[in-house]
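Structure, as structure tokens:
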Amino acid sequence: MSKKILMITGDFTEDYETMVPFQALQAFGHEVHAVCPDKQAGDSVATAIHDFEGDQTYSEKPGHRFTLNASFDAIEASDYDALVIPGGRAPEYLRLNPKVLAMVQHFSETNKPIAAICHGAQLLSAAKVLEGKRCSAYPACRPEVEASGAEYADIAVDAAITDGNLVTAPAWPAHPDWLAQFQKLLV
């Protein structure tokens with residue numbers, strides 16, 4: 001059954017964590033609208049490629065431009081069946097936008113499926129929707145997850161975890177598991 005999915009993203013979102021779910025969810029037959037505050041359909045966001053090369057943290061390289069296909073100011077969260085929050089650096093500033101936080105809260109309060117990956121947990125934490133949940137994220141986000149009253153799921157980088165309506169994963173190597181678990185919530 002096809003679902004209408006909202007993806008909230010922004011400049012310097014992680015390239016793979018934005019483009020792969022955007023395309024894969026469409027391949028499953030879902031309608032996916034990618035939006036960014038202060039941007040319109042047809043505008044683009046810059047992406048960054050985060051790679052794991054043996055350093056103490058990920059490296060960051062310029063990614064592709066990602067074209068948005070819906071206008072942030074024209075959408076209503078209530079029109080969507082599910083939410084996707086990519087990681088990268090976008091969540092750190094998206095969490096400062098009250099309308100974005102209200103959208104995330106809508107999906108949590110209505111128990112609609114939410115898929116967040118990597119630094120997407122920063123947005124979940126700021127929206128105060130993690131309390132009592134088990135949540136994975138990039139390890140540097142562990143303090144925010146725990147400060148939100150959630151249990152940090154310290155899982156393999158290629159694994160994902162589902163807790164109720166929430167599917168989370170540490171980073172893009174988890175795409176197969178993360179998207180499979182999210183798809184189960186969508187059917």
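Following the order of the structure tokens, first chain is A, next is B, and so on, with residues numbered from 1 inside each chain and ligands from 1 in the order they appear.
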
Mind checking which residues fall within 12 Å of Gln122 of chain A, counting only C-alpha atoms, ignoring those fewer than 6 positions away in the same chain, and posting them as a ChimeraX atom specification? /A:85-96,101,104,116,128-130,135-148,168

Check the DSSP output for the backbone and give back, as number ranges by chain, the residues of segment 2-187 of chain A in helix (DSSP H, G or I). A: 15-27, 72-74, 77-79, 90-94, 98-109, 120-126, 139-147, 172-186

Considering only C-alpha atoms, return as a list in words whatever protein or nucleic-acid residues lie within 9 Å of Lys61 of chain A, sequence-local ones (same chain, fewer than 4 positions apart) excluded.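 Close residues of Lys61 of chain A: Thr47, Ala48, Ile49, His50 and Asp51 of chain A.
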
For the residues selected in the previous step, produce a file with all heavy atoms as an mmCIF file, in the first residue's frame.
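Written output follows (selection-v5.cif):
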```
data_model
loop_
_atom_site.group_PDB
_atom_site.id
_atom_site.type_symbol
_atom_site.label_atom_id
_atom_site.label_comp_id
_atom_site.auth_asym_id
_atom_site.auth_seq_id
_atom_site.Cartn_x
_atom_site.Cartn_y
_atom_site.Cartn_z
ATOM 1 N N THR A 47 24.609 18.837 -0.013
ATOM 2 C CA THR A 47 24.792 17.638 0.798
ATOM 3 C C THR A 47 26.276 17.455 1.107
ATOM 4 O O THR A 47 27.135 18.054 0.451
ATOM 5 C CB THR A 47 24.253 16.368 0.096
ATOM 6 O OG1 THR A 47 25.125 16.013 -0.973
ATOM 7 C CG2 THR A 47 22.829 16.557 -0.399
ATOM 8 N N ALA A 48 26.534 16.649 2.120
ATOM 9 C CA ALA A 48 27.905 16.313 2.494
ATOM 10 C C ALA A 48 27.997 14.793 2.582
ATOM 11 O O ALA A 48 27.052 14.126 2.997
ATOM 12 C CB ALA A 48 28.255 16.937 3.835
ATOM 13 N N ILE A 49 29.138 14.264 2.166
ATOM 14 C CA ILE A 49 29.371 12.824 2.260
ATOM 15 C C ILE A 49 30.206 12.571 3.508
ATOM 16 O O ILE A 49 31.322 13.078 3.637
ATOM 17 C CB ILE A 49 30.088 12.293 1.007
ATOM 18 C CG1 ILE A 49 29.187 12.475 -0.213
ATOM 19 C CG2 ILE A 49 30.490 10.836 1.196
ATOM 20 C CD1 ILE A 49 29.857 12.213 -1.531
ATOM 21 N N HIS A 50 29.634 11.828 4.434
ATOM 22 C CA HIS A 50 30.348 11.439 5.648
ATOM 23 C C HIS A 50 30.884 10.034 5.443
ATOM 24 O O HIS A 50 30.147 9.124 5.096
ATOM 25 C CB HIS A 50 29.413 11.486 6.855
ATOM 26 C CG HIS A 50 28.997 12.881 7.194
ATOM 27 N ND1 HIS A 50 27.995 13.162 8.080
ATOM 28 C CD2 HIS A 50 29.453 14.083 6.758
ATOM 29 C CE1 HIS A 50 27.852 14.470 8.192
ATOM 30 N NE2 HIS A 50 28.725 15.050 7.388
ATOM 31 N N ASP A 51 32.181 9.883 5.656
ATOM 32 C CA ASP A 51 32.809 8.583 5.421
ATOM 33 C C ASP A 51 33.566 8.153 6.660
ATOM 34 O O ASP A 51 33.983 8.972 7.482
ATOM 35 C CB ASP A 51 33.754 8.664 4.222
ATOM 36 C CG ASP A 51 33.845 7.344 3.484
ATOM 37 O OD1 ASP A 51 33.336 6.332 3.988
ATOM 38 O OD2 ASP A 51 34.438 7.335 2.394
#
```

A straight line from atom CA of Gly10 of chain A to atom CA of Ser44 of chain A spans 8.8 Å

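When atom CA of Asn111 of chain A is paired with atom CA of Asp158 of chain A, their separation reads 25.6 Å.
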